[in-house]
>>> print(open('coords-v2.cif').read())   # mmCIF, C-alpha atoms
data_entry
loop_
_atom_site.label_atom_id
_atom_site.label_comp_id
_atom_site.auth_asym_id
_atom_site.auth_seq_id
_atom_site.Cartn_x
_atom_site.Cartn_y
_atom_site.Cartn_z
CA MET A 1121 0.93 -50.31 177.01
CA ILE A 1122 -2.58 -51.75 176.58
CA SER A 1123 -1.46 -55.22 177.70
CA LYS A 1124 -0.15 -53.77 180.95
CA TYR A 1125 -3.50 -52.06 181.53
CA ILE A 1126 -5.36 -55.32 180.90
CA GLU A 1127 -3.08 -57.24 183.28
CA THR A 1128 -3.55 -54.62 185.99
CA HIS A 1129 -7.34 -54.39 185.68
CA TYR A 1130 -8.20 -57.94 184.59
CA THR A 1131 -9.94 -59.00 187.83
CA GLU A 1132 -11.96 -55.79 187.93
CA ILE A 1133 -13.03 -56.22 184.29
CA LEU A 1134 -13.90 -59.88 184.93
CA ARG A 1135 -16.05 -58.86 187.91
CA LYS A 1136 -17.94 -56.42 185.68
CA PHE A 1137 -18.37 -59.07 183.01
CA LYS A 1138 -19.83 -61.42 185.62
CA ALA A 1139 -22.35 -58.72 186.46
CA VAL A 1140 -23.28 -58.35 182.79
CA THR A 1141 -23.66 -62.11 182.28
CA ARG A 1142 -25.22 -62.76 185.67
CA ASN A 1143 -22.26 -65.01 186.47
CA HIS A 1144 -22.72 -67.24 183.40
CA GLN A 1145 -20.40 -70.24 183.39
CA HIS A 1146 -18.65 -69.01 180.23
CA THR A 1147 -18.09 -65.42 181.36
CA GLU A 1148 -14.34 -65.69 181.13
CA ASP A 1149 -14.64 -67.03 177.57
CA LEU A 1150 -16.72 -63.98 176.68
CA LEU A 1151 -14.09 -61.73 178.25
CA GLN A 1152 -11.34 -63.41 176.22
CA ASP A 1153 -13.34 -62.99 173.01
CA CYS A 1154 -13.97 -59.31 173.74
CA LEU A 1155 -10.31 -58.71 174.57
CA LEU A 1156 -9.22 -60.39 171.33
CA ASN A 1157 -11.71 -58.36 169.31
CA PHE A 1158 -10.50 -55.19 171.00
CA LEU A 1159 -6.82 -55.96 170.43
CA GLU A 1160 -7.50 -56.82 166.76
CA LYS A 1161 -8.50 -53.18 166.23
CA GLY A 1162 -4.79 -52.33 166.19
CA ASN A 1163 -2.36 -50.41 168.38
CA ASP A 1164 -3.44 -46.95 167.27
CA TYR A 1165 -7.08 -47.56 168.13
CA THR A 1166 -6.45 -49.41 171.41
CA ASN A 1167 -3.97 -46.79 172.61
CA GLN A 1168 -6.44 -44.01 171.77
CA VAL A 1169 -9.18 -45.77 173.77
CA LEU A 1170 -6.69 -46.21 176.62
CA GLN A 1171 -5.74 -42.51 176.56
CA ASP A 1172 -9.43 -41.58 176.62
CA GLY A 1173 -9.89 -43.81 179.68
CA LYS A 1174 -12.66 -45.79 177.97
CA VAL A 1175 -11.19 -49.32 177.84
CA GLN A 1176 -13.52 -50.78 180.44
CA HIS A 1177 -16.49 -48.94 178.98
CA TYR A 1178 -15.68 -50.32 175.53
CA LEU A 1179 -15.25 -53.89 176.81
CA ILE A 1180 -18.42 -53.81 178.93
CA LYS A 1181 -20.44 -52.47 176.01
CA MET A 1182 -19.04 -55.22 173.81
CA ALA A 1183 -19.94 -57.79 176.51
CA HIS A 1184 -23.55 -56.56 176.60
CA ILE A 1185 -23.82 -56.87 172.84
CA GLN A 1186 -22.17 -60.30 172.61
CA PHE A 1187 -24.11 -61.73 175.55
CA ASN A 1188 -27.56 -60.44 174.61
CA SER A 1189 -27.59 -60.37 170.81
CA ALA A 1190 -29.13 -63.50 169.32
CA THR A 1191 -26.85 -63.11 166.30
CA SER A 1192 -23.55 -62.95 168.18
CA PRO A 1193 -21.14 -65.89 168.04
CA PHE A 1194 -21.11 -66.11 171.86
CA TYR A 1195 -24.89 -66.30 172.07
CA ASN A 1196 -25.10 -68.96 169.38
CA GLN A 1197 -22.36 -71.07 170.90
CA TYR A 1198 -23.12 -70.85 174.61
CA ARG A 1199 -26.60 -69.54 175.28
CA LYS A 1200 -28.78 -70.80 172.45
CA ASN A 1201 -28.95 -74.34 173.77
CA SER A 1202 -29.46 -74.38 177.49
CA ARG A 1203 -28.24 -77.95 177.52
CA LYS A 1204 -24.50 -77.78 177.05
CA SER A 1205 -24.14 -81.04 175.22
CA LEU A 1206 -26.46 -82.89 172.89
CA GLU A 1207 -26.18 -86.65 172.77
CA LEU A 1208 -24.53 -87.87 169.61
CA ASP A 1209 -27.65 -89.52 168.26
CA GLU A 1210 -29.71 -86.34 168.70
CA MET A 1211 -26.97 -84.28 167.06
CA VAL A 1212 -26.65 -86.64 164.09
CA ILE A 1213 -30.39 -86.82 163.45
CA LYS A 1214 -30.84 -83.07 163.87
CA LYS A 1215 -27.96 -82.24 161.53
CA LEU A 1216 -29.09 -84.71 158.88
CA GLU A 1217 -32.75 -83.71 158.91
CA ASP A 1218 -33.67 -81.42 156.10
CA THR A 1219 -37.37 -82.16 156.18
CA GLU A 1220 -39.78 -83.38 158.81
CA GLU A 1221 -39.08 -87.00 157.90
CA LEU A 1222 -37.21 -88.95 160.59
CA VAL A 1223 -34.69 -91.66 160.01
CA GLU A 1224 -36.48 -94.92 160.85
CA ASP A 1225 -33.50 -96.78 162.22
CA LYS A 1226 -31.69 -94.18 164.32
CA GLN A 1227 -29.58 -96.73 166.19
CA GLU A 1228 -28.10 -98.04 162.94
CA LEU A 1229 -27.23 -94.53 161.80
CA VAL A 1230 -25.69 -93.57 165.16
CA LYS A 1231 -23.69 -96.81 165.26
CA ASP A 1232 -22.41 -96.20 161.73
CA VAL A 1233 -21.44 -92.60 162.53
CA LYS A 1234 -19.60 -93.69 165.70
CA LEU A 1235 -17.72 -96.30 163.65
CA TYR A 1236 -16.90 -93.64 161.05
CA ILE A 1237 -15.54 -91.31 163.76
CA GLY A 1238 -13.53 -94.20 165.21
CA LYS A 1239 -11.81 -94.75 161.86
CA LEU A 1240 -10.75 -91.13 161.38
CA PRO A 1241 -7.08 -90.13 161.72
CA VAL A 1242 -6.01 -89.55 165.33
CA TYR A 1243 -6.35 -85.75 165.33
CA GLU A 1244 -9.78 -85.72 163.70
CA ARG A 1245 -10.98 -88.64 165.82
CA THR A 1246 -9.95 -87.06 169.12
CA ILE A 1247 -11.47 -83.64 168.44
CA SER A 1248 -14.65 -85.28 167.06
CA GLU A 1249 -15.05 -87.49 170.10
CA ARG A 1250 -14.44 -84.60 172.47
CA HIS A 1251 -16.88 -82.32 170.68
CA PHE A 1252 -19.63 -84.58 169.34
CA VAL A 1253 -19.57 -87.49 171.78
CA GLU A 1254 -18.44 -85.89 175.06
CA GLY A 1255 -20.19 -82.59 174.32
CA ASN A 1256 -17.22 -80.28 174.89
CA SER A 1257 -17.47 -76.87 173.26
CA GLN A 1258 -15.10 -75.86 170.49
CA ARG A 1259 -13.41 -73.54 172.97
CA GLU A 1260 -12.86 -76.35 175.47
CA VAL A 1261 -11.40 -78.58 172.74
CA SER A 1262 -9.22 -75.67 171.62
CA ARG A 1263 -7.92 -75.06 175.12
CA TYR A 1264 -7.36 -78.76 175.83
CA TYR A 1265 -5.23 -79.29 172.72
CA ASN A 1266 -3.82 -75.73 172.66
CA ILE A 1267 -4.98 -75.24 169.07
CA ASN A 1268 -6.57 -72.04 167.79
CA ARG A 1269 -10.38 -72.23 168.04
CA LEU A 1270 -10.81 -71.16 164.42
CA HIS A 1271 -8.85 -74.21 163.27
CA ILE A 1272 -10.90 -76.46 165.55
CA ARG A 1273 -14.14 -74.99 164.18
CA LYS A 1274 -12.98 -75.41 160.56
CA ASP A 1275 -11.90 -79.02 161.15
CA LEU A 1276 -15.11 -79.93 163.00
CA ASN A 1277 -17.21 -78.37 160.23
CA ASN A 1278 -15.30 -80.41 157.64
CA ILE A 1279 -15.84 -83.60 159.66
CA GLN A 1280 -19.52 -82.80 160.09
CA ASN A 1281 -19.94 -82.13 156.35
CA ASN A 1282 -18.19 -85.42 155.56
CA ILE A 1283 -20.59 -87.21 157.94
CA LYS A 1284 -23.55 -85.59 156.17
CA ILE A 1285 -22.24 -86.66 152.77
CA THR A 1286 -21.26 -90.16 153.86
CA PHE A 1287 -24.49 -90.86 155.72
CA ASN A 1288 -27.07 -89.28 153.48
CA ARG A 1289 -30.77 -90.06 153.79
CA GLU A 1290 -30.81 -92.42 150.83
CA ASN A 1291 -28.70 -94.96 152.72
CA TYR A 1292 -31.33 -95.26 155.45
CA LYS A 1293 -35.02 -96.11 155.42
CA THR A 1294 -37.35 -93.17 155.94
CA LYS A 1295 -41.00 -93.04 156.88
#
>>> encode(input="coords-v2.cif", output="structure tokens")
Amino acid sequence: MISKYIETHYTEILRKFKAVTRNHQHTEDLLQDCLLNFLEKGNDYTNQVLQDGKVQHYLIKMAHIQFNSATSPFYNQYRKNSRKSLELDEMVIKKLEDTEELVEDKQELVKDVKLYIGKLPVYERTISERHFVEGNSQREVSRYYNINRLHIRKDLNNIQNNIKITFNRENYKTK
């Protein structure tokens, strides 16, 4: 019942989401997240909202919150950094910094991390290259490989933690 409503009104809801996000490039991703969150509430809840005629109101309100709240997952993933992709060397240095000290030989560290990524098993190597090197978002990697985004996020976090452990500050000269 709710899925039929969503199919029928999808373009209208998307148009309203574009108005909320001022036509942000990831508006459709936000819509998908909001729809998933709404559907996760369960059939009883979603059908009640449908009977009350408040589905679009609910989704638009959720879009406002997700788009504007600095603590929302959407904001942190898509809006926090205006630059969509960080270069690998910037990402590595930023992630490894825990104080104001900088790694003296950044090129050596970046080269070593790229070699490390190149030696990973095929699955981990391909998602790492797409995300860290090419700058694709977790959602884009998820869509490309048709793998749930939560699994992609978990695997990328594990890879990133392994990089932090493998390439700790003590292996490199610091100022």
>>> atom_distance(input="coords-v2.cif", atom1="CA of Tyr1243 in chain A", atom2="CA of Asn1282 in chain A")
15.4 Å
>>> resolve_selection(input="coords-v2.cif", expression="the PyMOL selection byres ((chain A and resi 1136-1143) around 7)", output="list of chain:residue names")
A:Glu1132, A:Ile1133, A:Leu1134, A:Arg1135, A:His1144, A:Gln1145, A:Thr1147, A:Leu1151, A:Ile1180, A:Ala1183, A:His1184, A:Phe1187
>>> closest_residue(input="coords-v2.cif", among="A:Ile1247, A:Ile1283, A:Leu1170, A:Val1175", to="Lys1234 in chain A", atoms="all atoms listed in the file")
A:Ile1283
>>> residues_around(input="coords-v2.cif", residues="Ile1185 in chain A", least_positions_apart="3", cutoff="12 Å", atoms="all atoms listed in the file", output="PDB file with C-alpha atoms, in the frame of the given file")
ATOM      1  CA  PHE A1137     -18.370 -59.070 183.010  1.00  0.00           C
ATOM      2  CA  VAL A1140     -23.280 -58.350 182.790  1.00  0.00           C
ATOM      3  CA  THR A1141     -23.660 -62.110 182.280  1.00  0.00           C
ATOM      4  CA  LEU A1150     -16.720 -63.980 176.680  1.00  0.00           C
ATOM      5  CA  CYS A1154     -13.970 -59.310 173.740  1.00  0.00           C
ATOM      6  CA  TYR A1178     -15.680 -50.320 175.530  1.00  0.00           C
ATOM      7  CA  LEU A1179     -15.250 -53.890 176.810  1.00  0.00           C
ATOM      8  CA  ILE A1180     -18.420 -53.810 178.930  1.00  0.00           C
ATOM      9  CA  LYS A1181     -20.440 -52.470 176.010  1.00  0.00           C
ATOM     10  CA  MET A1182     -19.040 -55.220 173.810  1.00  0.00           C
ATOM     11  CA  ASN A1188     -27.560 -60.440 174.610  1.00  0.00           C
ATOM     12  CA  SER A1189     -27.590 -60.370 170.810  1.00  0.00           C
ATOM     13  CA  ALA A1190     -29.130 -63.500 169.320  1.00  0.00           C
ATOM     14  CA  THR A1191     -26.850 -63.110 166.300  1.00  0.00           C
ATOM     15  CA  SER A1192     -23.550 -62.950 168.180  1.00  0.00           C
ATOM     16  CA  PRO A1193     -21.140 -65.890 168.040  1.00  0.00           C
ATOM     17  CA  PHE A1194     -21.110 -66.110 171.860  1.00  0.00           C
ATOM     18  CA  TYR A1195     -24.890 -66.300 172.070  1.00  0.00           C
TER      19      TYR A1195
END
>>> closest_residue(input="coords-v2.cif", among="A:Thr1286, A:Gln1176, A:Gln1152, A:Asn1266", to="Ile1237 in chain A", atoms="only C-alpha atoms")
A:Thr1286
>>> atom_distance(input="coords-v2.cif", atom1="CA of Ser1257 in chain A", atom2="CA of Lys1284 in chain A")
20.1 Å
>>> resolve_selection(input="coords-v2.cif", expression="the PyMOL selection byres ((chain A and resi 1248) around 10)", output="ChimeraX atom specification")
/A:1234,1237-1238,1240,1242-1247,1249-1256,1261,1272,1275-1276,1279-1280
>>> atom_distance(input="coords-v2.cif", atom1="CA of Tyr1236 in chain A", atom2="CA of Ile1285 in chain A")
12.1 Å
>>> closest_residue(input="coords-v2.cif", among="A:Ser1123, A:Thr1131, A:Gln1258, A:Gln1197", to="Leu1156 in chain A", atoms="only C-alpha atoms")
A:Ser1123
>>> closest_residue(input="coords-v2.cif", among="A:Asn1281, A:His1271, A:Ser1262, A:Asp1164", to="Asp1149 in chain A", atoms="all atoms listed in the file")
A:Ser1262
>>> build_atoms(input="coords-v2.cif", residues="range 1227-1249 of chain A", atoms="N, CA and C atoms", output="CSV table (one decimal), keeping the file's coordinate frame")
chain,number,residue,atom,x,y,z
A,1227,GLN,N,-30.7,-96.0,165.6
A,1227,GLN,CA,-29.6,-96.7,166.2
A,1227,GLN,C,-28.6,-97.2,165.1
A,1228,GLU,N,-29.0,-97.6,164.0
A,1228,GLU,CA,-28.1,-98.0,162.9
A,1228,GLU,C,-27.3,-96.9,162.4
A,1229,LEU,N,-27.9,-95.7,162.2
A,1229,LEU,CA,-27.2,-94.5,161.8
A,1229,LEU,C,-26.2,-94.1,162.8
A,1230,VAL,N,-26.6,-94.0,164.1
A,1230,VAL,CA,-25.7,-93.6,165.2
A,1230,VAL,C,-24.5,-94.5,165.3
A,1231,LYS,N,-24.8,-95.8,165.2
A,1231,LYS,CA,-23.7,-96.8,165.3
A,1231,LYS,C,-22.7,-96.6,164.1
A,1232,ASP,N,-23.3,-96.4,162.9
A,1232,ASP,CA,-22.4,-96.2,161.7
A,1232,ASP,C,-21.6,-94.9,161.9
A,1233,VAL,N,-22.2,-93.9,162.4
A,1233,VAL,CA,-21.4,-92.6,162.5
A,1233,VAL,C,-20.3,-92.8,163.6
A,1234,LYS,N,-20.6,-93.5,164.7
A,1234,LYS,CA,-19.6,-93.7,165.7
A,1234,LYS,C,-18.5,-94.5,165.1
A,1235,LEU,N,-18.8,-95.5,164.3
A,1235,LEU,CA,-17.7,-96.3,163.6
A,1235,LEU,C,-16.9,-95.4,162.7
A,1236,TYR,N,-17.6,-94.6,162.0
A,1236,TYR,CA,-16.9,-93.6,161.0
A,1236,TYR,C,-15.9,-92.7,161.8
A,1237,ILE,N,-16.4,-92.2,162.9
A,1237,ILE,CA,-15.5,-91.3,163.8
A,1237,ILE,C,-14.4,-92.1,164.3
A,1238,GLY,N,-14.6,-93.4,164.7
A,1238,GLY,CA,-13.5,-94.2,165.2
A,1238,GLY,C,-12.5,-94.5,164.2
A,1239,LYS,N,-12.8,-94.4,162.9
A,1239,LYS,CA,-11.8,-94.8,161.9
A,1239,LYS,C,-11.1,-93.5,161.3
A,1240,LEU,N,-11.4,-92.4,161.8
A,1240,LEU,CA,-10.8,-91.1,161.4
A,1240,LEU,C,-9.3,-91.1,161.9
A,1241,PRO,N,-8.4,-90.3,161.2
A,1241,PRO,CA,-7.1,-90.1,161.7
A,1241,PRO,C,-7.1,-89.6,163.2
A,1242,VAL,N,-6.0,-89.8,163.9
A,1242,VAL,CA,-6.0,-89.6,165.3
A,1242,VAL,C,-6.5,-88.1,165.7
A,1243,TYR,N,-6.0,-87.1,165.0
A,1243,TYR,CA,-6.4,-85.8,165.3
A,1243,TYR,C,-7.8,-85.5,165.2
A,1244,GLU,N,-8.4,-85.9,164.0
A,1244,GLU,CA,-9.8,-85.7,163.7
A,1244,GLU,C,-10.7,-86.6,164.6
A,1245,ARG,N,-10.2,-87.8,164.9
A,1245,ARG,CA,-11.0,-88.6,165.8
A,1245,ARG,C,-11.1,-88.0,167.2
A,1246,THR,N,-9.9,-87.6,167.7
A,1246,THR,CA,-10.0,-87.1,169.1
A,1246,THR,C,-10.8,-85.8,169.3
A,1247,ILE,N,-10.7,-84.9,168.3
A,1247,ILE,CA,-11.5,-83.6,168.4
A,1247,ILE,C,-12.9,-83.9,168.2
A,1248,SER,N,-13.2,-84.9,167.3
A,1248,SER,CA,-14.6,-85.3,167.1
A,1248,SER,C,-15.3,-85.9,168.3
A,1249,GLU,N,-14.5,-86.8,168.9
A,1249,GLU,CA,-15.0,-87.5,170.1
A,1249,GLU,C,-15.3,-86.5,171.2
